[in-house]
Amino acid sequence: MAHARHRQAASGAAERQRAGRDALPVLLATLAALGISAIAGFPKLAFPGSDNDSLMRLVEVRDLLAGQGWFDLHQYRMGAEGGLAMHWSRLVDAPIAGLILVFKPLVGQPQAELAAKFIWPASTMAAALWFIVKAARRLGGDAARLPALALGATALHFLSIFVPGSLDHHNVQLALILAVAAGLAAGSFAAGLGAGAAAAASLAIGMETIPYVAAAAAAVVLLLAWRGAADVPVASGFGAGFAGAAALLLLITIRPSQWPAAACDAFSGAQAGQAMLGGLGLAAVAHLYGEAGRWRRLGALAGLAAASALYLAIVYPQCLAPPYPDLDARLRTLWLDRVSEAQPLWALVFDNPAAAALYYVTPLIALALTAARIAREGLDPARAIVGLMLLAAFAVSLWQLRGASFSVALATLPLAAWVGGLRSRHAARPSAAGSLRLAGAWLASFNVVWGLAAAQIAAITAAAPTGTIDAERCETALSYKALAELAPGTVAAVSNLGAPILAFTGHRALAGPYHRNVAGNAAVLDLATAVPAAARDIAARHGIDYVAVCPGNPESLFLAGQAPDGLLARLAEGETPDWLEPAAGGTGTGLAVYRRVR
C-alpha cells in the first residue's frame, strides 16, 4: 500500500512538472495564432456581422450588466410580442461580463468590450490546446508533444471559433470536451472527477455536446465492464464528477421554480436529474462491482442503463423526437436548411469542396489510424476513449457541419501520436525513406493543407465559392450607424441582420437566426415574400416601424429569388411602395431603411 501511494505521488509530481513545461509553449502558440489573425486584419472585429452568435452573446452580456436578472434569459428586443426566451447559459455570459467589469473603469465600456473580445477566445484556445497536448502525450508519449502543439494550434485557429471577436459558446464547449478526453485518458480518480465535471459543464452551456459526452460515458462503461478493477478509479471519478457538477450547475443556472420544467434544447432539471442518476449509479457500480466477475458487472451496468432509459421515457419523452419539432415548415425550408453549420457533408462537397476537405479528411485519417493501432496493439483504454469520442463527432459532422469542430480537434490526438512515433523512429534510425514518410505524415495531419489543396482544385475547375465579406453584406458596424440614429422602434429585416441590429442599435428586431423565434421569423418571412400591398397589412399587424433591406446579404438574395414579386425583391430593385418612405442608409453602407407611413 505504501509503495502504491509512493508511486501515485511520484506520478502526480511528474504530471505537474510536465504541465508546467507545457504552459509556455501553449501560450506562445496562442500568441502566434493572434499574430496570424492580426495579419488577416482581425476579420471578426472588422466584420462582426459575420458572426451572429457572438454579437448576440455580447447583447446578453450587456443586458446582464445593465441589471437583467441572472435567471432571466429573455431577449426582450427580439421576436414577437413579449420577446424571445433564449436557450443559452449564463455560464458563458458571466466570465465575459467579468472581463468587461475589470477593464471598464480603466478604459471605458467600448474598449473593455474589445479587451473581452481578445481575452476570452484566446483563453479558451489556450485551454483547448493545453488539453490537446495532455491527451496526445497519453496516446503517444513525450514524442507526441511537439506534433500536438503544431497540429492542435493550427486546427484550432482555422476552426475560426477562437479568433478575436468570438464570444460564442462553441469555443469553451470544445475546450471542455477536450478536457473530458484528456481526463479520461489519464485514467485516475482525480482526472476522472475533472472529466465528469467538464462533461456536465459542457451540457449546461449547450446541449449540442450530448453525442460527445455520451460517447465518453459509453467508453468508460464498456472499459469498466470489460476490464473491471483496472478502470474503477476513473469510472467512479467520472460518475461522481458528472453527478456532482450537474447538481451544482442546476443550482446556479436554473431558477428553482423552473426545475420541474423539461427543456430539450437547453440544460434543465430533467437533464440534471438524468446526470445525477447516471453519474451516481456509475460510481456505485464501479465501487460495488468493480472487482466482481465480468457477468455481474455487466448485469449491474445493464440495470443502470435500464433505469436511465426509464427515467428518460417517464420524465421527458418529448426529447426523443427529432430536433426542432415546432419549427414552421417554411422556416425549415427557407431558413434552417440553409444555415451553414446545419449543412450535411454531401451538401458541403458540392457547395464548398475546400471546406469539406478542411473539416473531414484529417478526422477520417485519425479514425483509420486508431482502428489500425487497436487491431495491431490491442485495446488501450486511452485510445479507445479518444477513438469513440472521435467517431461520435465524425458521425455528427456527417449530418451537420457543427460537429466538425469537435472531430477536427479530437483528430489531432491520434495524428500527433502517429507523427511523434515516426519522428522517434526516424531519429533512432535515419533514412531517406523515413524522412519521406515523416514529411508525408506531417503534411497529411494538417487539416489546412487539405483545405488549400481542395481550394486550388476547385479554382481550376471554376467551382470555388464566390462569396466575399464586404460592406454590401451589411457585416460592418458602420452599416447600422444611420439606423441607430432613428427613433427606437421595431425593425423587420432578414434573420441574419437581427443580432447586428440589437448589438449596434437600440431598436427591436423582429427576426433572428434562432430556432425558438418561430413567430418573429415567420412574420418577417411573410412580409418579405408577400406582394407589397399584402405586406402592408402584415407590417401593421406586427407593429413594424422600419423595414431594413440589405440587397447584398446572402439571405436577402435567396429570399428575393424565391419571391421575385415580393416586398423584399421589389425594395432591392429600388421600388418603394406608397406605405413606406426612405428613412436612412443605402449609400455606401449596403443597408437601406424604410419607415412605415402611418
# chains A, B, ... in the order shown; residues from 1 in each chain; ligands from 1
$ residues_around --residues "range 141-149 of chain A" --least-positions-apart "6" --cutoff "8 Å" --atoms "only C-alpha atoms" --output "list in words"
Pro25, Val26, Ala29, Leu129, Ile132, Val133, Thr412, Leu413, Ala416, Ala417, Trp418, Val419, Gly420, Gly421, Arg423 and Ser424 of chain A
$ select_by_dssp --residues "range 417-590 of chain A" --states "alpha helix (DSSP H)" --output "number ranges by chain"
A: 417-428, 432-445, 447-460, 481-484, 498-504, 518-529, 532-541, 554-562, 567-572
$ residues_around --residues "Phe131 in chain A" --least-positions-apart "5" --cutoff "6 Å" --atoms "only C-alpha atoms" --output "ChimeraX atom specification"
/A:178-179,182
$ write_last_selection --atoms "C-alpha atoms" --output "PDB file, in the first residue's frame"
ATOM      1  CA  LEU A 178     -11.060  18.096 -24.899  1.00  0.00           C
ATOM      2  CA  ALA A 179     -10.774  18.257 -21.099  1.00  0.00           C
ATOM      3  CA  ALA A 182      -7.649  14.288 -21.535  1.00  0.00           C
TER       4      ALA A 182
END
$ select_by_dssp --residues "range 383-554 of chain A" --states "strand (DSSP E)" --output "ChimeraX atom specification"
/A:490-492,508-509,546-549
$ write_last_selection --atoms "C-alpha atoms" --output "CSV table (one decimal), in the first residue's frame"
chain,number,residue,atom,x,y,z
A,490,THR,CA,-39.4,47.6,-34.3
A,491,VAL,CA,-37.3,46.6,-37.3
A,492,ALA,CA,-38.2,44.0,-39.9
A,508,ARG,CA,-36.1,45.8,-31.6
A,509,ALA,CA,-35.5,43.2,-34.3
A,546,TYR,CA,-39.0,50.1,-40.1
A,547,VAL,CA,-38.1,47.7,-42.9
A,548,ALA,CA,-34.4,47.3,-43.3
A,549,VAL,CA,-33.0,45.8,-46.6
$ closest_residue --among "A:Gly512, A:Asn352, A:Pro233, A:Leu497" --to "Met86 in chain A" --atoms "only C-alpha atoms"
A:Gly512
$ residues_around --residues "range 272-282 of chain A" --least-positions-apart "3" --cutoff "9 Å" --atoms "only C-alpha atoms" --output "ChimeraX atom specification"
/A:196,200,204,221,235-236,238-247,249-250,267-269,285-287,301,304-305,307-308,311-312
$ residues_around --residues "Pro121 in chain A" --least-positions-apart "3" --cutoff "6 Å" --atoms "only C-alpha atoms" --output "tab-separated table (two decimals) with C-alpha atoms, in the first residue's frame"
chain	number	residue	atom	x	y	z
A	124	THR	CA	-10.36	29.23	-24.36
A	162	PHE	CA	-11.04	31.10	-31.29
A	166	SER	CA	-15.52	35.03	-30.94
